[in-house]
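J.: Provided herewith: my_file_3.pdb, PDB, C-alpha atoms and all ligand atoms.
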ATOM      1  CA  MET J   1     139.740 356.914 144.322  1.00  0.00           C
ATOM      2  CA  THR J   2     138.395 358.046 140.999  1.00  0.00           C
ATOM      3  CA  THR J   3     139.468 355.079 138.875  1.00  0.00           C
ATOM      4  CA  ASN J   4     136.259 353.119 139.332  1.00  0.00           C
ATOM      5  CA  ARG J   5     133.932 355.586 137.709  1.00  0.00           C
ATOM      6  CA  GLY J   6     130.357 354.695 137.006  1.00  0.00           C
ATOM      7  CA  ARG J   7     128.404 355.033 133.808  1.00  0.00           C
ATOM      8  CA  LYS J   8     126.541 358.080 135.142  1.00  0.00           C
ATOM      9  CA  ASP J   9     129.811 359.950 135.653  1.00  0.00           C
ATOM     10  CA  VAL J  10     130.763 359.265 132.054  1.00  0.00           C
ATOM     11  CA  ILE J  11     127.399 360.573 130.907  1.00  0.00           C
ATOM     12  CA  ARG J  12     127.740 363.702 133.102  1.00  0.00           C
ATOM     13  CA  ASP J  13     131.193 364.328 131.645  1.00  0.00           C
ATOM     14  CA  ARG J  14     129.754 364.220 128.169  1.00  0.00           C
ATOM     15  CA  MET J  15     126.873 366.525 129.188  1.00  0.00           C
ATOM     16  CA  ALA J  16     129.412 369.034 130.525  1.00  0.00           C
ATOM     17  CA  ALA J  17     131.543 368.785 127.398  1.00  0.00           C
ATOM     18  CA  THR J  18     128.762 368.931 124.802  1.00  0.00           C
ATOM     19  CA  GLY J  19     125.888 370.670 126.543  1.00  0.00           C
ATOM     20  CA  GLU J  20     123.614 367.699 125.740  1.00  0.00           C
ATOM     21  CA  SER J  21     120.779 366.627 128.019  1.00  0.00           C
ATOM     22  CA  TYR J  22     121.226 363.477 130.085  1.00  0.00           C
ATOM     23  CA  ASN J  23     119.146 361.325 127.728  1.00  0.00           C
ATOM     24  CA  VAL J  24     120.833 362.599 124.574  1.00  0.00           C
ATOM     25  CA  ALA J  25     124.295 362.138 126.073  1.00  0.00           C
ATOM     26  CA  ALA J  26     123.397 358.594 127.179  1.00  0.00           C
ATOM     27  CA  ARG J  27     122.033 357.732 123.750  1.00  0.00           C
ATOM     28  CA  ASN J  28     125.090 359.094 121.953  1.00  0.00           C
ATOM     29  CA  LEU J  29     127.446 357.222 124.249  1.00  0.00           C
ATOM     30  CA  LYS J  30     125.555 354.013 123.596  1.00  0.00           C
ATOM     31  CA  ALA J  31     125.674 354.629 119.841  1.00  0.00           C
ATOM     32  CA  MET J  32     129.441 355.133 120.062  1.00  0.00           C
ATOM     33  CA  LYS J  33     129.777 351.875 121.960  1.00  0.00           C
ATOM     34  CA  ASP J  34     127.635 350.048 119.383  1.00  0.00           C
ATOM     35  CA  THR J  35     129.695 351.513 116.568  1.00  0.00           C
ATOM     36  CA  ALA J  36     132.886 350.265 118.206  1.00  0.00           C
ATOM     37  CA  ALA J  37     131.360 346.822 118.725  1.00  0.00           C
ATOM     38  CA  THR J  38     130.228 346.751 115.108  1.00  0.00           C
ATOM     39  CA  ARG J  39     133.696 347.689 113.889  1.00  0.00           C
ATOM     40  CA  ASP J  40     135.251 345.006 116.083  1.00  0.00           C
ATOM     41  CA  ALA J  41     132.783 342.392 114.828  1.00  0.00           C
ATOM     42  CA  VAL J  42     133.495 343.233 111.204  1.00  0.00           C
ATOM     43  CA  LEU J  43     137.242 342.967 111.899  1.00  0.00           C
ATOM     44  CA  VAL J  44     136.730 339.527 113.440  1.00  0.00           C
ATOM     45  CA  GLN J  45     135.124 338.382 110.207  1.00  0.00           C
ATOM     46  CA  ARG J  46     136.926 340.340 107.471  1.00  0.00           C
ATOM     47  CA  TRP J  47     140.432 339.127 106.855  1.00  0.00           C
ATOM     48  CA  THR J  48     142.315 337.268 104.166  1.00  0.00           C
ATOM     49  CA  PRO J  49     143.739 333.829 105.000  1.00  0.00           C
ATOM     50  CA  ALA J  50     147.492 333.713 105.517  1.00  0.00           C
ATOM     51  CA  ASP J  51     149.596 332.714 102.501  1.00  0.00           C
ATOM     52  CA  SER J  52     151.917 330.570 104.574  1.00  0.00           C
ATOM     53  CA  PHE J  53     152.134 328.907 107.959  1.00  0.00           C
ATOM     54  CA  ASP J  54     155.175 331.054 108.807  1.00  0.00           C
ATOM     55  CA  VAL J  55     153.015 334.070 109.572  1.00  0.00           C
ATOM     56  CA  PRO J  56     150.406 334.313 112.342  1.00  0.00           C
ATOM     57  CA  CYS J  57     146.835 333.749 111.260  1.00  0.00           C
ATOM     58  CA  PRO J  58     145.297 337.140 110.329  1.00  0.00           C
ATOM     59  CA  CYS J  59     142.145 336.346 112.296  1.00  0.00           C
ATOM     60  CA  GLY J  60     144.000 337.712 115.313  1.00  0.00           C
ATOM     61  CA  GLY J  61     145.456 334.537 116.739  1.00  0.00           C
ATOM     62  CA  THR J  62     142.115 333.496 118.222  1.00  0.00           C
ATOM     63  CA  CYS J  63     141.978 330.185 116.340  1.00  0.00           C
ATOM     64  CA  GLU J  64     143.433 326.739 116.876  1.00  0.00           C
ATOM     65  CA  PRO J  65     146.360 325.625 114.735  1.00  0.00           C
ATOM     66  CA  GLY J  66     145.131 323.746 111.674  1.00  0.00           C
ATOM     67  CA  GLU J  67     145.201 319.973 111.908  1.00  0.00           C
ATOM     68  CA  THR J  68     147.251 317.725 109.667  1.00  0.00           C
ATOM     69  CA  CYS J  69     145.131 316.265 106.889  1.00  0.00           C
ATOM     70  CA  GLY J  70     144.371 312.563 107.135  1.00  0.00           C
ATOM     71  CA  HIS J  71     144.206 312.210 103.359  1.00  0.00           C
ATOM     72  CA  CYS J  72     147.179 314.089 101.974  1.00  0.00           C
ATOM     73  CA  HIS J  73     149.101 314.928 105.178  1.00  0.00           C
ATOM     74  CA  ALA J  74     149.242 318.616 104.349  1.00  0.00           C
ATOM     75  CA  ARG J  75     148.009 321.060 106.972  1.00  0.00           C
ATOM     76  CA  HIS J  76     144.627 322.666 107.265  1.00  0.00           C
ATOM     77  CA  ARG J  77     144.534 326.436 107.198  1.00  0.00           C
ATOM     78  CA  HIS J  78     142.050 328.749 108.896  1.00  0.00           C
ATOM     79  CA  VAL J  79     140.213 330.381 105.988  1.00  0.00           C
ATOM     80  CA  LYS J  80     136.945 331.783 107.270  1.00  0.00           C
ATOM     81  CA  ARG J  81     135.025 332.888 110.332  1.00  0.00           C
ATOM     82  CA  TYR J  82     131.298 333.468 110.602  1.00  0.00           C
ATOM     83  CA  PRO J  83     128.681 333.564 113.362  1.00  0.00           C
ATOM     84  CA  GLY J  84     128.256 330.033 114.701  1.00  0.00           C
ATOM     85  CA  SER J  85     124.923 330.396 116.464  1.00  0.00           C
ATOM     86  CA  THR J  86     121.656 332.252 116.058  1.00  0.00           C
ATOM     87  CA  THR J  87     121.331 333.180 119.748  1.00  0.00           C
ATOM     88  CA  GLU J  88     124.827 333.044 121.305  1.00  0.00           C
ATOM     89  CA  VAL J  89     126.393 336.246 120.016  1.00  0.00           C
ATOM     90  CA  GLU J  90     129.932 335.383 121.112  1.00  0.00           C
ATOM     91  CA  THR J  91     129.880 332.013 119.350  1.00  0.00           C
ATOM     92  CA  TRP J  92     131.680 331.932 116.018  1.00  0.00           C
ATOM     93  CA  ALA J  93     132.465 329.122 113.594  1.00  0.00           C
ATOM     94  CA  ASP J  94     135.943 328.768 112.116  1.00  0.00           C
ATOM     95  CA  ARG J  95     136.348 327.000 108.804  1.00  0.00           C
ATOM     96  CA  TYR J  96     139.598 325.232 107.988  1.00  0.00           C
ATOM     97  CA  GLU J  97     140.577 324.018 104.560  1.00  0.00           C
ATOM     98  CA  CYS J  98     143.387 321.651 103.655  1.00  0.00           C
ATOM     99  CA  THR J  99     146.196 323.268 101.682  1.00  0.00           C
ATOM    100  CA  GLY J 100     146.763 320.025  99.774  1.00  0.00           C
ATOM    101  CA  CYS J 101     143.317 318.636  98.961  1.00  0.00           C
ATOM    102  CA  SER J 102     139.638 319.499  99.260  1.00  0.00           C
ATOM    103  CA  SER J 103     139.323 318.372 102.883  1.00  0.00           C
ATOM    104  CA  SER J 104     137.788 320.859 105.317  1.00  0.00           C
ATOM    105  CA  TYR J 105     136.248 321.088 108.763  1.00  0.00           C
ATOM    106  CA  THR J 106     134.632 323.639 111.041  1.00  0.00           C
ATOM    107  CA  LEU J 107     135.338 324.417 114.690  1.00  0.00           C
ATOM    108  CA  THR J 108     133.103 326.363 117.037  1.00  0.00           C
ATOM    109  CA  VAL J 109     134.886 329.045 119.035  1.00  0.00           C
ATOM    110  CA  HIS J 110     133.759 331.329 121.828  1.00  0.00           C
ATOM    111  CA  LEU J 111     135.210 334.836 121.533  1.00  0.00           C
ATOM    112  CA  ALA J 112     134.469 336.673 124.761  1.00  0.00           C
ATOM    113  CA  GLY J 113     133.978 340.391 124.190  1.00  0.00           C
ATOM    114  CA  ARG J 114     133.783 339.909 120.409  1.00  0.00           C
ATOM    115  CA  PRO J 115     130.074 339.498 119.701  1.00  0.00           C
ATOM    116  CA  TRP J 116     128.703 339.416 116.140  1.00  0.00           C
ATOM    117  CA  GLY J 117     125.478 341.074 117.280  1.00  0.00           C
ATOM    118  CA  VAL J 118     123.228 341.834 120.223  1.00  0.00           C
ATOM    119  CA  ALA J 119     121.002 339.266 121.866  1.00  0.00           C
ATOM    120  CA  GLY J 120     117.748 340.321 123.443  1.00  0.00           C
ATOM    121  CA  THR J 121     114.690 338.624 124.859  1.00  0.00           C
ATOM    122  CA  VAL J 122     111.421 339.106 123.060  1.00  0.00           C
ATOM    123  CA  VAL J 123     108.006 337.861 124.015  1.00  0.00           C
ATOM    124  CA  ARG J 124     106.418 335.868 121.274  1.00  0.00           C
ATOM    125  CA  GLY J 125     102.822 336.818 120.643  1.00  0.00           C
ATOM    126  CA  GLY J 126     100.044 334.496 121.683  1.00  0.00           C
ATOM    127  CA  SER J 127     101.806 332.048 123.958  1.00  0.00           C
ATOM    128  CA  GLY J 128     103.669 334.814 125.800  1.00  0.00           C
ATOM    129  CA  GLU J 129     106.754 332.657 125.640  1.00  0.00           C
ATOM    130  CA  GLU J 130     110.086 334.467 125.983  1.00  0.00           C
ATOM    131  CA  VAL J 131     112.579 333.722 123.272  1.00  0.00           C
ATOM    132  CA  VAL J 132     116.106 334.974 122.679  1.00  0.00           C
ATOM    133  CA  GLN J 133     116.465 336.877 119.461  1.00  0.00           C
ATOM    134  CA  ALA J 134     119.774 338.129 118.151  1.00  0.00           C
ATOM    135  CA  THR J 135     120.329 341.147 115.954  1.00  0.00           C
ATOM    136  CA  VAL J 136     123.344 340.953 113.667  1.00  0.00           C
ATOM    137  CA  PHE J 137     125.590 344.030 113.519  1.00  0.00           C
ATOM    138  CA  PRO J 138     125.518 345.792 110.151  1.00  0.00           C
ATOM    139  CA  GLY J 139     128.373 344.541 107.985  1.00  0.00           C
ATOM    140  CA  VAL J 140     128.570 341.120 109.603  1.00  0.00           C
ATOM    141  CA  ILE J 141     127.558 338.244 107.371  1.00  0.00           C
ATOM    142  CA  HIS J 142     125.497 335.637 109.203  1.00  0.00           C
ATOM    143  CA  PRO J 143     124.738 332.380 107.385  1.00  0.00           C
ATOM    144  CA  LEU J 144     121.277 332.151 108.962  1.00  0.00           C
ATOM    145  CA  LEU J 145     120.267 335.613 110.142  1.00  0.00           C
ATOM    146  CA  ARG J 146     120.069 338.836 108.211  1.00  0.00           C
ATOM    147  CA  SER J 147     122.073 341.861 109.185  1.00  0.00           C
ATOM    148  CA  GLU J 148     120.122 344.897 110.382  1.00  0.00           C
ATOM    149  CA  ALA J 149     121.065 346.965 107.349  1.00  0.00           C
ATOM    150  CA  ALA J 150     120.973 344.182 104.778  1.00  0.00           C
ATOM    151  CA  GLU J 151     118.658 345.951 102.383  1.00  0.00           C
ATOM    152  CA  GLY J 152     121.180 345.932  99.561  1.00  0.00           C
ATOM    153  CA  PRO J 153     120.317 345.659  95.879  1.00  0.00           C
ATOM    154  CA  GLY J 154     120.078 342.278  94.226  1.00  0.00           C
ATOM    155  CA  GLY J 155     120.183 339.493  96.748  1.00  0.00           C
ATOM    156  CA  SER J 156     120.643 336.556  94.403  1.00  0.00           C
ATOM    157  CA  ASP J 157     124.449 336.581  94.457  1.00  0.00           C
ATOM    158  CA  GLY J 158     126.008 333.544  96.031  1.00  0.00           C
ATOM    159  CA  ARG J 159     122.674 332.162  97.019  1.00  0.00           C
ATOM    160  CA  GLU J 160     122.002 328.544  96.222  1.00  0.00           C
ATOM    161  CA  ARG J 161     118.853 327.587  94.439  1.00  0.00           C
ATOM    162  CA  GLY J 162     116.565 325.522  96.588  1.00  0.00           C
ATOM    163  CA  ALA J 163     116.283 321.814  96.007  1.00  0.00           C
ATOM    164  CA  PRO J 164     113.114 320.621  94.258  1.00  0.00           C
ATOM    165  CA  ARG J 165     110.262 319.970  96.626  1.00  0.00           C
TER     166      ARG J 165
HETATM  167 ZN    ZN L   1     142.800 332.034 112.501  1.00  0.00          ZN
HETATM  168 ZN    ZN L   2     144.399 317.161 102.528  1.00  0.00          ZN
END
Translate this file's structure into structure tokens.
Ligand SMILES: [Zn+2]
Ligand SMILES: [Zn+2]
T.:
Amino acid sequence: MTTNRGRKDVIRDRMAATGESYNVAARNLKAMKDTAATRDAVLVQRWTPADSFDVPCPCGGTCEPGETCGHCHARHRHVKRYPGSTTEVETWADRYECTGCSSSYTLTVHLAGRPWGVAGTVVRGGSGEEVVQATVFPGVIHPLLRSEAAEGPGGSDGRERGAPR
């Protein structure tokens, strides 16, 4: 049986095909995997809300149907998705807005295999305490964490001014 091939076989295949050393081939394969994960994460977040309830939600059908509004009895529509945790990389938050009034709510969803970043354990200096720290994929907008490559110009757009102390 050759269907259950290990990671080392994949690396050796790449070495044979490209002439790279084991370490270089492993690194390049990992980079390709990260790139694919980044692209998937950006796709999870970047979509335009559906114009009508007759078409499937463009988020990929991974959301709950919108609830009926208690105020105006119109339906809520899935309008946004963003990372819903600072440590659980497969936790996303879905925002729903009423199509008839200003009502809205947010649901937390778990999307297995669709992380918005990579979680790792780091040891905090001094106490030696281990804490989970997540790195956001470039291109993903996290409401609380900064993306790895978020060194863009400006930085004041869309940001709310802090309340007076
Ligand atoms: Zn949706
Ligand atoms: Zn409403």
J.: Going by the chain IDs and residue numbers used in this file, which residues fall under the PyMOL selection byres (((not hetatm)) within 8 of (chain L and resi 2))? Write them as an MDAnalysis selection string.
T.: chainID J and resid 68:76 98:103
J.: Take the PyMOL selection byres (((not hetatm)) within 7 of (chain L and resi 1)), apply it to the structure above, and return the hits as a PyMOL selection string.
T.: chain J and resi 57-64+78
J.: Rank nothing, just name the residue among J:Asp34, J:Gln133, J:His142, J:Lys80 nearest to Ser104 (chain J), using only C-alpha atoms.
T.: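 Distance minimum relative to Ser104 (chain J) lands on J:Lys80.
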J.: Figure out the distance between CA of Lys30 (chain J) and CA of Val136 (chain J), please, to one decimal in Å.
T.: 16.6 Å
J.: Could you tell me which residues the PyMOL selection byres (((chain J and resi 122) around 8) and not hetatm) grabs in this file, written as a ChimeraX atom specification?
T.: /J:120-121,123-124,130-133
J.: Counting all atoms listed in the file, figure out which residue out of J:Ala134, J:Gly125, J:Asp94, J:Pro143 gets nearest to Val44 (chain J).
T.: J:Asp94
J.: What is the CA of Val118 (chain J) to CA of Val89 (chain J) distance in Å?
T.: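 Result for CA of Val118 (chain J) versus CA of Val89 (chain J): 6.4 Å, one decimal.
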J.: Can you list, as a list in words, every protein, DNA or RNA residue that comes within 10 Å of Arg39 (chain J) when you count only C-alpha atoms, leaving out same-chain residues fewer than 2 positions away?
T.: Lys33, Asp34, Thr35, Ala36, Ala37, Ala41, Val42, Leu43, Val44, Trp116, Phe137, Pro138, Gly139 and Val140 of chain J
J.: For region 9-15 of chain J, work out the shell of residues within 9 Å, counting all atoms listed in the file and skipping chain neighbours fewer than 3 positions away, then give it as a PDB file with C-alpha atoms, in the frame of the given file.
T.:
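Output contents, as saved in selection-v6.pdb:
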ATOM      1  CA  ARG J   5     133.932 355.586 137.709  1.00  0.00           C
ATOM      2  CA  GLY J   6     130.357 354.695 137.006  1.00  0.00           C
ATOM      3  CA  THR J  18     128.762 368.931 124.802  1.00  0.00           C
ATOM      4  CA  GLY J  19     125.888 370.670 126.543  1.00  0.00           C
ATOM      5  CA  GLU J  20     123.614 367.699 125.740  1.00  0.00           C
ATOM      6  CA  SER J  21     120.779 366.627 128.019  1.00  0.00           C
ATOM      7  CA  TYR J  22     121.226 363.477 130.085  1.00  0.00           C
ATOM      8  CA  ASN J  23     119.146 361.325 127.728  1.00  0.00           C
ATOM      9  CA  VAL J  24     120.833 362.599 124.574  1.00  0.00           C
ATOM     10  CA  ALA J  25     124.295 362.138 126.073  1.00  0.00           C
ATOM     11  CA  ALA J  26     123.397 358.594 127.179  1.00  0.00           C
ATOM     12  CA  LEU J  29     127.446 357.222 124.249  1.00  0.00           C
TER      13      LEU J  29
END
J.: Please compute the CA of Pro65 (chain J)-CA of Leu107 (chain J) distance, one decimal, in Å.
T.: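 Taking CA of Pro65 (chain J) and CA of Leu107 (chain J), their separation equals 11.1 Å.
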J.: Given all atoms listed in the file as the basis, pick out the residue of J:Ala17, J:Ala31, J:Ala119, J:Gln45 nearest to Arg95 (chain J).
T.: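 Answer, going by the shortest atom-to-atom distance: J:Gln45.
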J.: Can you take the partial region 25-36 of chain J, add all heavy atoms, and return it as an mmCIF file, keeping the file's coordinate frame?
T.:
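Dumped to part35.cif:
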data_model
loop_
_atom_site.group_PDB
_atom_site.id
_atom_site.type_symbol
_atom_site.label_atom_id
_atom_site.label_comp_id
_atom_site.auth_asym_id
_atom_site.auth_seq_id
_atom_site.Cartn_x
_atom_site.Cartn_y
_atom_site.Cartn_z
ATOM 1 N N ALA J 25 122.912 362.557 125.826
ATOM 2 C CA ALA J 25 124.295 362.138 126.073
ATOM 3 C C ALA J 25 124.371 360.622 126.235
ATOM 4 O O ALA J 25 125.260 359.964 125.689
ATOM 5 C CB ALA J 25 124.846 362.831 127.317
ATOM 6 N N ALA J 26 123.409 360.039 126.964
ATOM 7 C CA ALA J 26 123.397 358.594 127.179
ATOM 8 C C ALA J 26 123.213 357.859 125.860
ATOM 9 O O ALA J 26 123.882 356.858 125.587
ATOM 10 C CB ALA J 26 122.283 358.220 128.153
ATOM 11 N N ARG J 27 122.307 358.378 125.028
ATOM 12 C CA ARG J 27 122.033 357.732 123.750
ATOM 13 C C ARG J 27 123.270 357.794 122.845
ATOM 14 O O ARG J 27 123.636 356.821 122.201
ATOM 15 C CB ARG J 27 120.833 358.396 123.073
ATOM 16 C CG ARG J 27 120.185 357.500 122.025
ATOM 17 C CD ARG J 27 119.128 358.230 121.231
ATOM 18 N NE ARG J 27 118.227 359.021 122.054
ATOM 19 C CZ ARG J 27 117.928 360.299 121.775
ATOM 20 N NH1 ARG J 27 118.437 360.891 120.730
ATOM 21 N NH2 ARG J 27 117.108 360.967 122.561
ATOM 22 N N ASN J 28 123.909 358.946 122.811
ATOM 23 C CA ASN J 28 125.090 359.094 121.953
ATOM 24 C C ASN J 28 126.240 358.208 122.422
ATOM 25 O O ASN J 28 126.969 357.645 121.607
ATOM 26 C CB ASN J 28 125.527 360.557 121.897
ATOM 27 C CG ASN J 28 124.608 361.376 121.024
ATOM 28 O OD1 ASN J 28 123.909 360.846 120.169
ATOM 29 N ND2 ASN J 28 124.593 362.681 121.244
ATOM 30 N N LEU J 29 126.389 358.094 123.729
ATOM 31 C CA LEU J 29 127.446 357.222 124.249
ATOM 32 C C LEU J 29 127.174 355.772 123.878
ATOM 33 O O LEU J 29 128.079 355.035 123.513
ATOM 34 C CB LEU J 29 127.553 357.362 125.775
ATOM 35 C CG LEU J 29 128.297 358.605 126.243
ATOM 36 C CD1 LEU J 29 128.061 358.841 127.724
ATOM 37 C CD2 LEU J 29 129.787 358.486 125.961
ATOM 38 N N LYS J 30 125.912 355.377 123.944
ATOM 39 C CA LYS J 30 125.555 354.013 123.596
ATOM 40 C C LYS J 30 125.803 353.777 122.102
ATOM 41 O O LYS J 30 126.326 352.732 121.698
ATOM 42 C CB LYS J 30 124.097 353.742 123.940
ATOM 43 C CG LYS J 30 123.748 352.275 123.767
ATOM 44 C CD LYS J 30 122.286 351.999 124.026
ATOM 45 C CE LYS J 30 121.977 350.525 123.761
ATOM 46 N NZ LYS J 30 122.273 350.119 122.383
ATOM 47 N N ALA J 31 125.459 354.761 121.282
ATOM 48 C CA ALA J 31 125.674 354.629 119.841
ATOM 49 C C ALA J 31 127.161 354.483 119.534
ATOM 50 O O ALA J 31 127.560 353.691 118.675
ATOM 51 C CB ALA J 31 125.105 355.852 119.111
ATOM 52 N N MET J 32 128.001 355.234 120.271
ATOM 53 C CA MET J 32 129.441 355.133 120.062
ATOM 54 C C MET J 32 129.935 353.738 120.426
ATOM 55 O O MET J 32 130.780 353.169 119.747
ATOM 56 C CB MET J 32 130.173 356.165 120.921
ATOM 57 C CG MET J 32 130.167 357.567 120.320
ATOM 58 S SD MET J 32 130.684 358.801 121.526
ATOM 59 C CE MET J 32 132.333 358.216 121.912
ATOM 60 N N LYS J 33 129.379 353.219 121.520
ATOM 61 C CA LYS J 33 129.777 351.875 121.960
ATOM 62 C C LYS J 33 129.345 350.836 120.926
ATOM 63 O O LYS J 33 130.099 349.931 120.579
ATOM 64 C CB LYS J 33 129.120 351.581 123.312
ATOM 65 C CG LYS J 33 129.921 350.648 124.171
ATOM 66 C CD LYS J 33 129.273 350.524 125.546
ATOM 67 C CE LYS J 33 129.332 349.083 125.990
ATOM 68 N NZ LYS J 33 128.041 348.534 126.319
ATOM 69 N N ASP J 34 128.120 350.979 120.398
ATOM 70 C CA ASP J 34 127.635 350.048 119.383
ATOM 71 C C ASP J 34 128.478 350.119 118.124
ATOM 72 O O ASP J 34 128.754 349.109 117.490
ATOM 73 C CB ASP J 34 126.180 350.359 119.034
ATOM 74 C CG ASP J 34 125.225 349.932 120.145
ATOM 75 O OD1 ASP J 34 125.704 349.258 121.076
ATOM 76 O OD2 ASP J 34 124.044 350.260 120.078
ATOM 77 N N THR J 35 128.880 351.344 117.760
ATOM 78 C CA THR J 35 129.695 351.513 116.568
ATOM 79 C C THR J 35 131.026 350.801 116.741
ATOM 80 O O THR J 35 131.508 350.121 115.841
ATOM 81 C CB THR J 35 129.928 353.016 116.286
ATOM 82 O OG1 THR J 35 128.659 353.626 116.181
ATOM 83 C CG2 THR J 35 130.697 353.228 115.007
ATOM 84 N N ALA J 36 131.616 350.932 117.938
ATOM 85 C CA ALA J 36 132.886 350.265 118.206
ATOM 86 C C ALA J 36 132.711 348.756 118.166
ATOM 87 O O ALA J 36 133.539 348.041 117.598
ATOM 88 C CB ALA J 36 133.426 350.698 119.570
#
